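Engineer: Below is the file run.cif, with mmCIF, C-alpha atoms and all ligand atoms.
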data_entry
#
loop_
_atom_site.label_atom_id
_atom_site.label_comp_id
_atom_site.auth_asym_id
_atom_site.auth_seq_id
_atom_site.Cartn_x
_atom_site.Cartn_y
_atom_site.Cartn_z
CA MET A 1 13.53 -64.08 -5.01
CA LYS A 2 12.71 -65.81 -1.76
CA ARG A 3 16.29 -65.48 -0.59
CA ALA A 4 16.29 -61.80 -1.50
CA SER A 5 13.21 -61.14 0.59
CA LEU A 6 14.70 -63.03 3.53
CA ILE A 7 17.80 -60.89 3.35
CA ALA A 8 15.64 -57.79 3.12
CA LEU A 9 13.75 -58.94 6.22
CA ALA A 10 16.99 -59.55 8.08
CA LEU A 11 18.26 -56.10 7.12
CA LEU A 12 15.02 -54.51 8.17
CA PHE A 13 15.34 -56.22 11.52
CA LEU A 14 18.91 -55.06 11.96
CA VAL A 15 18.18 -51.47 11.00
CA ALA A 16 14.81 -51.05 12.67
CA GLY A 17 15.00 -53.73 15.37
CA VAL A 18 15.03 -51.35 18.30
CA GLY A 19 12.22 -49.15 17.03
CA ILE A 20 10.02 -52.11 16.18
CA SER A 21 10.53 -53.74 19.55
CA VAL A 22 9.32 -50.57 21.24
CA VAL A 23 6.16 -50.61 19.14
CA VAL A 24 5.58 -54.30 19.92
CA ASP A 25 6.13 -53.73 23.63
CA ALA A 26 3.63 -50.89 23.73
CA ALA A 27 0.96 -52.60 21.67
CA GLN A 28 0.93 -56.00 23.34
CA PRO A 29 2.65 -55.90 26.71
CA ALA A 30 2.46 -59.56 27.70
CA ALA A 31 2.22 -61.12 24.24
CA SER A 32 4.70 -63.84 23.39
CA LYS A 33 7.98 -62.09 22.88
CA ASN A 34 10.13 -64.35 20.85
CA PRO A 35 13.61 -62.94 21.47
CA GLU A 36 14.79 -64.19 18.10
CA ALA A 37 13.84 -62.88 14.73
CA ALA A 38 10.07 -62.97 15.00
CA LYS A 39 9.54 -59.31 15.78
CA PRO A 40 9.21 -57.71 12.37
CA ALA A 41 6.63 -60.36 11.44
CA GLU A 42 4.63 -59.85 14.62
CA ALA A 43 4.62 -56.13 14.23
CA ALA A 44 3.42 -56.34 10.65
CA LYS A 45 0.50 -58.66 11.43
CA PRO A 46 -2.86 -57.54 12.79
CA ALA A 47 -3.44 -58.78 16.33
CA GLU A 48 -6.05 -61.46 15.49
CA ALA A 49 -3.87 -63.12 12.91
CA ALA A 50 -0.97 -63.45 15.31
CA LYS A 51 -1.98 -66.69 17.05
CA PRO A 52 -1.30 -69.74 14.92
CA ALA A 53 -0.01 -71.31 18.14
CA GLU A 54 -0.92 -74.97 17.49
CA ALA A 55 0.19 -74.99 13.88
CA ALA A 56 3.55 -73.25 14.19
CA PRO A 57 4.83 -72.72 17.75
CA ALA A 58 7.97 -70.83 16.72
CA ALA A 59 8.28 -68.78 13.55
CA PRO A 60 11.08 -70.06 11.31
CA LYS A 61 14.15 -67.90 11.62
CA PRO A 62 15.57 -66.10 8.62
CA ALA A 63 18.72 -67.79 7.41
CA ALA A 64 21.01 -65.20 8.98
CA ALA A 65 24.29 -66.24 10.57
CA ASN A 66 24.28 -67.15 14.23
CA THR A 67 20.92 -65.60 15.18
CA PHE A 68 21.24 -67.24 18.57
CA ASN A 69 24.08 -64.84 19.39
CA ARG A 70 23.08 -62.98 22.55
CA LEU A 71 24.71 -59.79 21.32
CA MET A 72 21.99 -59.52 18.70
CA ILE A 73 19.21 -59.44 21.30
CA PRO A 74 18.42 -56.10 23.00
CA ARG A 75 19.70 -56.19 26.58
CA ALA A 76 16.28 -55.90 28.19
CA ASP A 77 15.06 -58.97 26.28
CA ARG A 78 17.90 -61.29 27.26
CA ASN A 79 17.30 -64.31 29.51
CA PRO A 80 13.50 -64.26 29.32
CA PRO A 81 11.52 -66.60 31.58
CA PRO A 82 10.86 -70.12 30.20
CA LEU A 83 7.30 -69.26 29.15
CA LYS A 84 8.59 -66.57 26.81
CA ASP A 85 12.00 -67.79 25.73
CA GLY A 86 10.90 -69.39 22.46
CA ILE A 87 12.77 -72.56 23.51
CA HIS A 88 10.36 -74.19 25.95
CA ASP A 89 6.84 -75.15 24.93
CA PRO A 90 4.58 -72.53 26.58
CA GLU A 91 1.76 -75.12 26.62
CA GLY A 92 3.94 -77.73 28.31
CA PRO A 93 2.74 -78.70 31.80
CA GLY A 94 6.18 -78.24 33.41
CA THR A 95 7.25 -75.02 31.72
CA SER A 96 5.69 -72.61 34.19
CA SER A 97 7.28 -74.38 37.15
CA LEU A 98 10.82 -73.85 35.83
CA GLN A 99 12.87 -71.21 37.61
CA PRO A 100 13.30 -68.06 35.47
CA PRO A 101 17.01 -67.56 34.66
CA LEU A 102 17.14 -64.05 36.12
CA ASP A 103 15.97 -65.42 39.51
CA ALA A 104 18.66 -68.06 39.41
CA PHE A 105 21.31 -65.53 38.39
CA ALA A 106 20.45 -63.01 41.13
CA THR A 107 22.97 -64.33 43.67
CA MET A 108 25.71 -65.29 41.18
CA PRO A 109 29.00 -63.42 40.76
CA LYS A 110 28.46 -60.71 38.16
CA SER A 111 30.07 -59.97 34.83
CA ASN A 112 29.34 -57.19 32.37
CA ALA A 113 28.89 -59.44 29.36
CA GLY A 114 26.72 -62.26 28.09
CA ASN A 115 24.09 -63.19 30.62
CA ASN A 116 25.90 -61.04 33.21
CA VAL A 117 27.10 -63.99 35.27
CA ASN A 118 30.79 -64.70 35.77
CA TRP A 119 30.53 -68.47 35.39
CA VAL A 120 34.22 -69.14 35.93
CA GLN A 121 33.97 -67.40 39.30
CA ALA A 122 30.68 -69.17 40.03
CA ILE A 123 32.41 -72.54 39.80
CA LYS A 124 35.31 -71.32 41.97
CA ASP A 125 32.86 -70.03 44.60
CA LYS A 126 30.87 -73.28 44.38
CA ALA A 127 27.79 -71.21 43.57
CA ILE A 128 27.16 -73.91 40.98
CA ASN A 129 28.16 -77.53 41.05
CA PRO A 130 28.14 -79.29 37.66
CA ARG A 131 26.68 -82.79 37.99
CA TYR A 132 29.33 -85.15 36.62
CA ASP A 133 27.79 -87.88 38.71
CA ARG A 134 24.23 -87.63 37.46
CA LEU A 135 24.39 -90.97 35.67
CA ASN A 136 27.20 -92.58 37.60
CA PRO A 137 27.70 -91.67 41.28
CA LYS A 138 31.39 -92.60 41.07
CA GLU A 139 32.14 -90.41 38.06
CA GLU A 140 34.95 -87.89 38.63
CA PRO A 141 35.50 -84.77 36.51
CA MET A 142 38.57 -85.02 34.30
CA VAL A 143 40.04 -81.54 34.59
CA LEU A 144 43.01 -81.00 32.31
CA ASP A 145 45.44 -78.26 33.33
CA LEU A 146 46.91 -77.38 29.94
CA ASP A 147 47.07 -73.91 28.40
CA ILE A 148 47.45 -73.60 24.65
CA VAL A 149 48.94 -70.32 23.45
CA ARG A 150 47.96 -69.26 19.95
CA GLU A 151 50.15 -66.54 18.56
CA VAL A 152 48.20 -63.81 16.83
CA LYS A 153 49.69 -61.86 13.96
CA GLY A 154 49.46 -58.10 14.34
CA PHE A 155 48.65 -55.92 17.28
CA MET A 156 46.34 -58.10 19.39
CA PRO A 157 47.76 -59.93 22.41
CA ASP A 158 48.13 -63.69 21.91
CA VAL A 159 45.26 -66.04 22.71
CA VAL A 160 45.54 -68.38 25.67
CA TYR A 161 43.13 -71.28 25.51
CA PRO A 162 42.82 -72.74 29.05
CA HIS A 163 41.83 -76.43 29.23
CA ASP A 164 41.21 -76.27 32.98
CA ARG A 165 38.37 -73.74 32.90
CA HIS A 166 36.71 -75.71 30.11
CA THR A 167 37.09 -79.24 31.43
CA GLU A 168 35.56 -78.22 34.76
CA TRP A 169 32.30 -78.36 32.86
CA LEU A 170 32.91 -79.99 29.54
CA ASP A 171 33.94 -83.40 28.36
CA CYS A 172 36.90 -83.80 26.02
CA SER A 173 34.45 -85.07 23.41
CA ASN A 174 32.57 -81.75 23.43
CA CYS A 175 35.52 -80.35 21.44
CA HIS A 176 37.70 -83.26 20.29
CA PRO A 177 37.81 -84.21 17.51
CA ASP A 178 34.79 -82.51 15.89
CA ILE A 179 35.56 -78.86 16.69
CA PHE A 180 39.33 -79.10 17.29
CA ILE A 181 41.88 -81.75 16.38
CA PRO A 182 43.69 -82.36 19.69
CA GLU A 183 47.10 -81.26 18.54
CA LYS A 184 48.62 -77.84 19.10
CA GLY A 185 48.64 -75.80 15.89
CA LYS A 186 46.70 -78.38 13.80
CA ASN A 187 43.62 -76.15 13.65
CA THR A 188 43.20 -72.90 11.80
CA ILE A 189 41.13 -70.46 13.82
CA SER A 190 40.19 -66.91 12.87
CA MET A 191 37.96 -64.21 14.33
CA ALA A 192 35.77 -64.43 11.25
CA GLN A 193 35.02 -68.09 11.98
CA ILE A 194 34.40 -67.35 15.65
CA LEU A 195 31.95 -64.56 14.79
CA MET A 196 30.14 -66.94 12.43
CA GLY A 197 29.65 -69.44 15.25
CA GLN A 198 32.46 -71.83 14.39
CA LYS A 199 35.52 -72.98 16.41
CA CYS A 200 35.50 -71.09 19.75
CA GLY A 201 32.27 -69.46 18.51
CA VAL A 202 30.41 -72.77 18.75
CA CYS A 203 30.06 -71.78 22.40
CA HIS A 204 31.37 -68.24 22.87
CA GLY A 205 28.56 -65.81 22.10
CA LYS A 206 25.96 -68.55 22.57
CA VAL A 207 26.43 -70.34 25.88
CA ALA A 208 29.74 -68.87 27.05
CA PHE A 209 30.97 -65.27 27.32
CA PRO A 210 30.64 -63.41 24.01
CA VAL A 211 33.19 -62.24 21.50
CA SER A 212 33.01 -58.66 22.81
CA GLU A 213 35.25 -59.71 25.72
CA CYS A 214 38.46 -59.57 23.69
CA ARG A 215 40.81 -59.62 26.64
CA LEU A 216 39.52 -62.81 28.21
CA CYS A 217 40.88 -64.72 25.19
CA HIS A 218 43.60 -62.35 24.04
CA SER A 219 45.25 -62.43 27.43
CA LYS A 220 48.96 -62.89 26.77
CA LYS A 221 51.13 -59.90 26.05
CA LYS A 222 53.36 -60.45 23.08
CA ASP A 223 56.96 -61.26 23.99
CA GLN A 224 58.86 -58.01 23.90
CA PRO A 225 61.41 -57.75 21.09
CA LYS A 226 64.79 -58.76 22.49
CA ALA A 227 67.40 -56.09 23.21
CA ALA A 228 69.92 -58.04 21.13
CA SER A 229 67.84 -57.79 17.98
CA THR A 230 67.42 -54.02 18.32
CA ALA A 231 71.17 -53.61 18.89
CA LYS A 232 71.97 -55.35 15.63
C1 LIG A 301 36.33 -76.36 24.84
C2 LIG A 301 37.08 -77.16 23.90
C3 LIG A 301 38.05 -78.20 24.39
C4 LIG A 301 37.84 -79.19 25.33
C5 LIG A 301 36.57 -79.50 26.13
C6 LIG A 301 39.05 -79.94 25.39
N1 LIG A 301 39.98 -79.43 24.54
FE1 LIG A 301 41.82 -80.18 24.14
N2 LIG A 301 42.22 -78.63 22.88
C7 LIG A 301 41.33 -77.61 22.57
C8 LIG A 301 42.02 -76.64 21.72
C9 LIG A 301 41.41 -75.35 21.17
C10 LIG A 301 43.31 -77.12 21.50
C11 LIG A 301 44.41 -76.47 20.66
C12 LIG A 301 44.36 -76.93 19.25
C13 LIG A 301 45.31 -76.16 18.38
O1 LIG A 301 46.21 -75.47 18.87
O2 LIG A 301 45.19 -76.26 17.14
C14 LIG A 301 43.41 -78.39 22.24
C15 LIG A 301 44.53 -79.21 22.26
C16 LIG A 301 44.61 -80.42 22.92
C17 LIG A 301 45.75 -81.30 22.87
C18 LIG A 301 47.04 -81.06 22.11
C19 LIG A 301 48.09 -80.46 23.01
C20 LIG A 301 49.40 -80.25 22.30
O3 LIG A 301 50.32 -79.68 22.93
O4 LIG A 301 49.54 -80.61 21.12
C21 LIG A 301 45.46 -82.39 23.65
C22 LIG A 301 46.33 -83.61 23.92
C23 LIG A 301 44.12 -82.17 24.20
N3 LIG A 301 43.65 -80.98 23.73
C24 LIG A 301 43.49 -83.05 25.05
C25 LIG A 301 42.26 -82.80 25.65
C26 LIG A 301 41.67 -83.67 26.67
C27 LIG A 301 42.29 -84.96 27.20
C28 LIG A 301 40.48 -83.09 27.02
C29 LIG A 301 39.48 -83.55 28.09
C30 LIG A 301 40.06 -83.71 29.42
C31 LIG A 301 40.33 -81.88 26.21
N4 LIG A 301 41.44 -81.73 25.41
C32 LIG A 301 39.23 -81.05 26.25
C33 LIG A 301 40.03 -77.51 22.99
C34 LIG A 301 39.40 -78.35 23.91
C1 LIG A 302 36.50 -66.69 22.53
C2 LIG A 302 37.85 -66.23 22.42
C3 LIG A 302 38.12 -64.94 21.64
C4 LIG A 302 37.56 -63.70 21.84
C5 LIG A 302 36.50 -63.31 22.86
C6 LIG A 302 38.18 -62.81 20.89
N1 LIG A 302 39.09 -63.48 20.15
FE1 LIG A 302 40.24 -62.70 18.63
N2 LIG A 302 41.01 -64.56 18.27
C7 LIG A 302 40.71 -65.70 18.97
C8 LIG A 302 41.42 -66.84 18.37
C9 LIG A 302 41.37 -68.26 18.84
C10 LIG A 302 42.13 -66.31 17.26
C11 LIG A 302 43.01 -67.07 16.29
C12 LIG A 302 44.42 -67.06 16.75
C13 LIG A 302 45.25 -67.89 15.79
O1 LIG A 302 45.70 -67.35 14.77
O2 LIG A 302 45.39 -69.07 16.07
C14 LIG A 302 41.86 -64.87 17.23
C15 LIG A 302 42.42 -63.98 16.30
C16 LIG A 302 42.25 -62.62 16.30
C17 LIG A 302 42.91 -61.70 15.38
C18 LIG A 302 43.88 -62.09 14.28
C19 LIG A 302 43.21 -62.05 12.92
C20 LIG A 302 42.03 -62.95 12.77
O3 LIG A 302 40.94 -62.45 12.42
O4 LIG A 302 42.10 -64.13 13.05
C21 LIG A 302 42.47 -60.44 15.73
C22 LIG A 302 42.87 -59.13 15.05
C23 LIG A 302 41.55 -60.57 16.84
N3 LIG A 302 41.44 -61.91 17.17
C24 LIG A 302 40.88 -59.53 17.45
C25 LIG A 302 39.91 -59.68 18.43
C26 LIG A 302 39.12 -58.58 18.98
C27 LIG A 302 39.30 -57.13 18.60
C28 LIG A 302 38.27 -59.12 19.90
C29 LIG A 302 37.19 -58.44 20.71
C30 LIG A 302 36.23 -57.67 19.96
C31 LIG A 302 38.52 -60.56 19.93
N4 LIG A 302 39.52 -60.84 19.03
C32 LIG A 302 37.87 -61.45 20.77
C33 LIG A 302 39.88 -65.81 20.07
C34 LIG A 302 39.09 -64.79 20.57
C1 LIG A 303 32.26 -76.46 23.77
C2 LIG A 303 32.11 -75.08 24.19
C3 LIG A 303 33.33 -74.15 24.16
C4 LIG A 303 34.26 -73.97 23.16
C5 LIG A 303 34.29 -74.65 21.80
C6 LIG A 303 35.20 -73.00 23.63
N1 LIG A 303 34.84 -72.57 24.88
FE1 LIG A 303 35.84 -71.21 26.05
N2 LIG A 303 34.50 -71.50 27.55
C7 LIG A 303 33.38 -72.31 27.48
C8 LIG A 303 32.66 -72.24 28.73
C9 LIG A 303 31.34 -72.96 29.06
C10 LIG A 303 33.41 -71.39 29.58
C11 LIG A 303 33.07 -70.97 31.01
C12 LIG A 303 31.87 -70.06 31.01
C13 LIG A 303 32.18 -68.63 30.65
O1 LIG A 303 33.26 -68.13 31.01
O2 LIG A 303 31.32 -67.99 29.99
C14 LIG A 303 34.56 -70.96 28.80
C15 LIG A 303 35.57 -70.13 29.31
C16 LIG A 303 36.65 -69.70 28.59
C17 LIG A 303 37.73 -68.88 29.12
C18 LIG A 303 37.89 -68.47 30.58
C19 LIG A 303 37.61 -67.02 30.80
C20 LIG A 303 37.81 -66.63 32.24
O3 LIG A 303 36.96 -65.87 32.75
O4 LIG A 303 38.76 -67.06 32.85
C21 LIG A 303 38.57 -68.61 28.07
C22 LIG A 303 39.84 -67.78 28.11
C23 LIG A 303 38.03 -69.26 26.88
N3 LIG A 303 36.88 -69.91 27.24
C24 LIG A 303 38.61 -69.22 25.63
C25 LIG A 303 38.22 -70.04 24.57
C26 LIG A 303 38.93 -70.10 23.30
C27 LIG A 303 40.12 -69.25 22.92
C28 LIG A 303 38.28 -71.05 22.55
C29 LIG A 303 38.64 -71.53 21.15
C30 LIG A 303 40.04 -71.94 20.95
C31 LIG A 303 37.18 -71.57 23.34
N4 LIG A 303 37.19 -70.94 24.56
C32 LIG A 303 36.31 -72.55 22.92
C33 LIG A 303 32.98 -73.06 26.41
C34 LIG A 303 33.69 -73.24 25.23
#
For this file, write the structure as C-alpha cells.
Structural biologist:
Amino acid sequence: MKRASLIALALLFLVAGVGISVVVDAAQPAASKNPEAAKPAEAAKPAEAAKPAEAAPAAPKPAAANTFNRLMIPRADRNPPPLKDGIHDPEGPGTSSLQPPLDAFATMPKSNAGNNVNWVQAIKDKAINPRYDRLNPKEEPMVLDLDIVREVKGFMPDVVYPHDRHTEWLDCSNCHPDIFIPEKGKNTISMAQILMGQKCGVCHGKVAFPVSECRLCHSKKKDQPKAASTAK
C-alpha cells in the first residue's frame, strides 16, 4: 500500500512535474525550492504547514531510481545556489558565503549538457586545478594514459573508456575494485545499468556529463568489414 502510493507520487511528479513547478514558482517565489522530489508535496500543502524546518530539513525522497540524475530536473532549476540546493544546511553559518555554482561556471568553457561546463576542457585550459596536494604538498597526480575499447553489439559505435581524462581528477580507488575489476573485459556493463546509476552511471548523469551525450562514450567507429570477407 505504502509502496503503491510512493509509485503513484513518483508518476504524478513525472507526468505533472512541469505544470506543478510553474504553480509553485508563482505562488511562493523565493520559498525553498528543493530541486529533488519535494515539489508535489509542497504544492499540495497549505502555505502555513510547509515549514517543519527544524524537524525535517529535507523531505525524504520517493524510492525512485537515481533521483539525483540532473536530466530529471527542469533546466531552469539546475545548479541552484547553496541556500536552495537541498544539500547544504540553509541555517548553517557558512552556507550563504559559498559561491553559487552558476557564478563559478560563468567563465568556464561551455558544453550543452549536464551543468553546461566542459570539464575536460576546463582542466586542459587550467581553468580549474584539482588539489592533489591538499593533504600532502609533494603528492603528484597519477595520470594513466590507457584507453579501454568496449565493443558494442549492434549499430552503436564502440565505447572508448579513457583512463587519462579520469585519472586527472580521480584516484584509481574511486573505481577499482568496487565499481570495476581492473582487467579488460572482466566487467559486464550495459546501458540499463548506466541509466540506473551503476557502473559508468555512478558518476555519469550525476557528477559527470550525462547519458544523453552518446557520442562522448560511443566514440569509436566500428571496424569496417574487410574487403576479403565480402569477396568470399
Ligand atoms: C573512472 C573509473 C576508473 C578509474 C579512476 C581508473 N580506472 Fe582502471 N579501468 C576502468 C575501466 C572501466 C576498465 C575496463 C574494465 C573492463 O574492460 O572490464 C579499467 C581497466 C583497468 C586495467 C585493466 C587493463 C587491461 O588491459 O586489462 C588496469 C590495469 C587499470 N584499469 C588500472 C588503473 C589504475 C592504475 C588507475 C589509477 C591510476 C585506474 N585504473 C583508474 C575504470 C577506471
Ligand atoms: C558514460 C558513457 C556512455 C554514454 C554517455 C552512453 N553509453 Fe551506451 N554504452 C556504454 C557502455 C560502457 C556500454 C557497454 C558496452 C559493452 O558491452 O561493454 C554501452 C552499451 C550500449 C548499447 C549496447 C546495448 C546495451 O544496452 O548495453 C547501446 C545500444 C548503447 N550503449 C546506446 C547508447 C545511446 C543511444 C546513448 C545516448 C543516449 C548512449 N549509449 C550513451 C557507455 C555509454
Ligand atoms: C568515478 C566517477 C566516474 C566513473 C565511474 C566513470 N566516469 Fe567517465 N568521467 C568522469 C569525470 C569526472 C569526467 C570528466 C568530467 C566530465 O567530462 O563531465 C569523465 C569523463 C569521461 C569521458 C571524457 C569525455 C570528453 O569530453 O573527452 C569519457 C569518454 C568517459 N568519462 C567515459 C566513461 C565510461 C565509458 C565509463 C564507464 C566504463 C565512465 N566514464 C565511468 C567520472 C567517471
Engineer: Would you mind reading off the distance between atom C21 of ligand LIG 301 (chain A) and CA of Val120 (chain A), one decimal, in Å?
Structural biologist: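 It comes out at 21.3 Å.
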Engineer: Could you give me, as a ChimeraX atom specification, the residues within 12 Å of Lys110 (chain A), counting all atoms listed in the file and dropping anything in the same chain fewer than 4 positions from it?
Structural biologist: /A:102,105-106,114-122,127
Engineer: Taking only C-alpha atoms and all ligand atoms into account, which of A:His88, A:Lys138, A:His218, A:Arg131 comes nearest ligand LIG 302 (chain A)?
Structural biologist: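 Nearest candidate to ligand LIG 302 (chain A) out of A:His88, A:Lys138, A:His218, A:Arg131: A:His218.
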Engineer: Go through chain A residue by residue and, counting all atoms listed in the file, keep those with an atom at most 8 Å from ligand LIG 301 (chain A); for each kept residue give the shortest atom pair and its distance in Å to one decimal, ordered by chain and increasing number, as CSV.
Structural biologist:
residue,atom,partner,partner_atom,distance
A:Met142,CA,A:LIG301,C30,5.3
A:Val143,CA,A:LIG301,C30,5.6
A:Leu144,CA,A:LIG301,C30,4.9
A:Leu146,CA,A:LIG301,C19,7.7
A:Ile148,CA,A:LIG301,C11,5.8
A:Val149,CA,A:LIG301,O1,7.4
A:Arg150,CA,A:LIG301,O1,6.5
A:Tyr161,CA,A:LIG301,C9,6.2
A:His163,CA,A:LIG301,N1,5.9
A:His166,CA,A:LIG301,C1,5.3
A:Thr167,CA,A:LIG301,C5,5.3
A:Leu170,CA,A:LIG301,C5,5.0
A:Asp171,CA,A:LIG301,C5,5.2
A:Cys172,CA,A:LIG301,C29,3.3
A:Ser173,CA,A:LIG301,C5,6.6
A:Asn174,CA,A:LIG301,C5,5.3
A:Cys175,CA,A:LIG301,C2,4.3
A:His176,CA,A:LIG301,N1,6.2
A:Ile179,CA,A:LIG301,C2,7.6
A:Phe180,CA,A:LIG301,C8,5.7
A:Ile181,CA,A:LIG301,C12,6.1
A:Pro182,CA,A:LIG301,C16,3.9
A:Glu183,CA,A:LIG301,C18,3.6
A:Lys184,CA,A:LIG301,O1,3.4
A:Gly185,CA,A:LIG301,O2,3.7
A:Lys186,CA,A:LIG301,O2,4.2
A:Asn187,CA,A:LIG301,O2,3.8
A:Thr188,CA,A:LIG301,O2,6.6
A:Ile189,CA,A:LIG301,O2,7.8
A:Lys199,CA,A:LIG301,C9,7.9
A:Cys200,CA,A:LIG301,C1,7.4
Engineer: Residues of the last selection are to be written out with C-alpha atoms, as a compact mmCIF listing (two decimals), in the coordinates of the input.
Structural biologist:
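Printed below is selection.txt as written:
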# COMPACT_ATOMS: atom_id res chain seq x y z
CA MET A 142 38.57 -85.02 34.30
CA VAL A 143 40.04 -81.54 34.59
CA LEU A 144 43.01 -81.00 32.31
CA LEU A 146 46.91 -77.38 29.94
CA ILE A 148 47.45 -73.60 24.65
CA VAL A 149 48.94 -70.32 23.45
CA ARG A 150 47.96 -69.26 19.95
CA TYR A 161 43.13 -71.28 25.51
CA HIS A 163 41.83 -76.43 29.23
CA HIS A 166 36.71 -75.71 30.11
CA THR A 167 37.09 -79.24 31.43
CA LEU A 170 32.91 -79.99 29.54
CA ASP A 171 33.94 -83.40 28.36
CA CYS A 172 36.90 -83.80 26.02
CA SER A 173 34.45 -85.07 23.41
CA ASN A 174 32.57 -81.75 23.43
CA CYS A 175 35.52 -80.35 21.44
CA HIS A 176 37.70 -83.26 20.29
CA ILE A 179 35.56 -78.86 16.69
CA PHE A 180 39.33 -79.10 17.29
CA ILE A 181 41.88 -81.75 16.38
CA PRO A 182 43.69 -82.36 19.69
CA GLU A 183 47.10 -81.26 18.54
CA LYS A 184 48.62 -77.84 19.10
CA GLY A 185 48.64 -75.80 15.89
CA LYS A 186 46.70 -78.38 13.80
CA ASN A 187 43.62 -76.15 13.65
CA THR A 188 43.20 -72.90 11.80
CA ILE A 189 41.13 -70.46 13.82
CA LYS A 199 35.52 -72.98 16.41
CA CYS A 200 35.50 -71.09 19.75
Engineer: Give the centre and edge lengths of an axis-aligned box, in Å to one decimal, that holds all listed atoms of ligand LIG 303 (chain A) with 6 Å on each side, as JSON.
Structural biologist:
{"center_x": 35.7, "center_y": -71.2, "center_z": 26.9, "size_x": 20.8, "size_y": 22.6, "size_z": 23.9}
Engineer: Could the residues that lie within 12 Å of ligand LIG 302 (chain A), counting only C-alpha atoms and all ligand atoms, be listed as a PyMOL selection string?
Structural biologist: chain A and resi 71+113-114+148-162+166+180+184-220
Engineer: What is the CA of Glu140 (chain A) to atom C6 of ligand LIG 303 (chain A) distance in Å?
Structural biologist: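 That distance, rounded to one decimal, is 21.1 Å.
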Engineer: Could you tell me how far CA of Glu168 (chain A) sits from atom C9 of ligand LIG 303 (chain A), in Å to one decimal place?
Structural biologist: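 Distance between the two atoms: 8.8 Å.
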Engineer: Complete region 113-126 of chain A with N, CA and C atoms (output as a compact mmCIF listing (two decimals), in the coordinates of the input).
Structural biologist:
# COMPACT_ATOMS: atom_id res chain seq x y z
N ALA A 113 29.17 -58.95 30.71
CA ALA A 113 28.89 -59.44 29.36
C ALA A 113 27.97 -60.65 29.40
N GLY A 114 27.51 -61.04 28.21
CA GLY A 114 26.72 -62.26 28.09
C GLY A 114 25.48 -62.19 28.94
N ASN A 115 25.26 -63.22 29.75
CA ASN A 115 24.09 -63.19 30.62
C ASN A 115 24.41 -62.59 31.98
N ASN A 116 25.51 -61.82 32.04
CA ASN A 116 25.90 -61.04 33.21
C ASN A 116 26.27 -61.88 34.42
N VAL A 117 26.58 -63.15 34.20
CA VAL A 117 27.10 -63.99 35.27
C VAL A 117 28.55 -64.33 34.95
N ASN A 118 29.41 -64.25 35.93
CA ASN A 118 30.79 -64.70 35.77
C ASN A 118 30.83 -66.18 36.14
N TRP A 119 30.70 -67.02 35.14
CA TRP A 119 30.53 -68.47 35.39
C TRP A 119 31.80 -69.11 35.89
N VAL A 120 32.95 -68.58 35.45
CA VAL A 120 34.22 -69.14 35.93
C VAL A 120 34.32 -68.93 37.44
N GLN A 121 33.96 -67.70 37.88
CA GLN A 121 33.97 -67.40 39.30
C GLN A 121 32.89 -68.21 40.04
N ALA A 122 31.77 -68.42 39.39
CA ALA A 122 30.68 -69.17 40.03
C ALA A 122 31.11 -70.59 40.37
N ILE A 123 31.90 -71.19 39.49
CA ILE A 123 32.41 -72.54 39.80
C ILE A 123 33.40 -72.47 40.95
N LYS A 124 34.31 -71.48 40.90
CA LYS A 124 35.31 -71.32 41.97
C LYS A 124 34.62 -71.15 43.32
N ASP A 125 33.58 -70.30 43.34
CA ASP A 125 32.86 -70.03 44.60
C ASP A 125 31.94 -71.18 45.01
N LYS A 126 31.82 -72.18 44.18
CA LYS A 126 30.87 -73.28 44.38
C LYS A 126 29.41 -72.78 44.42
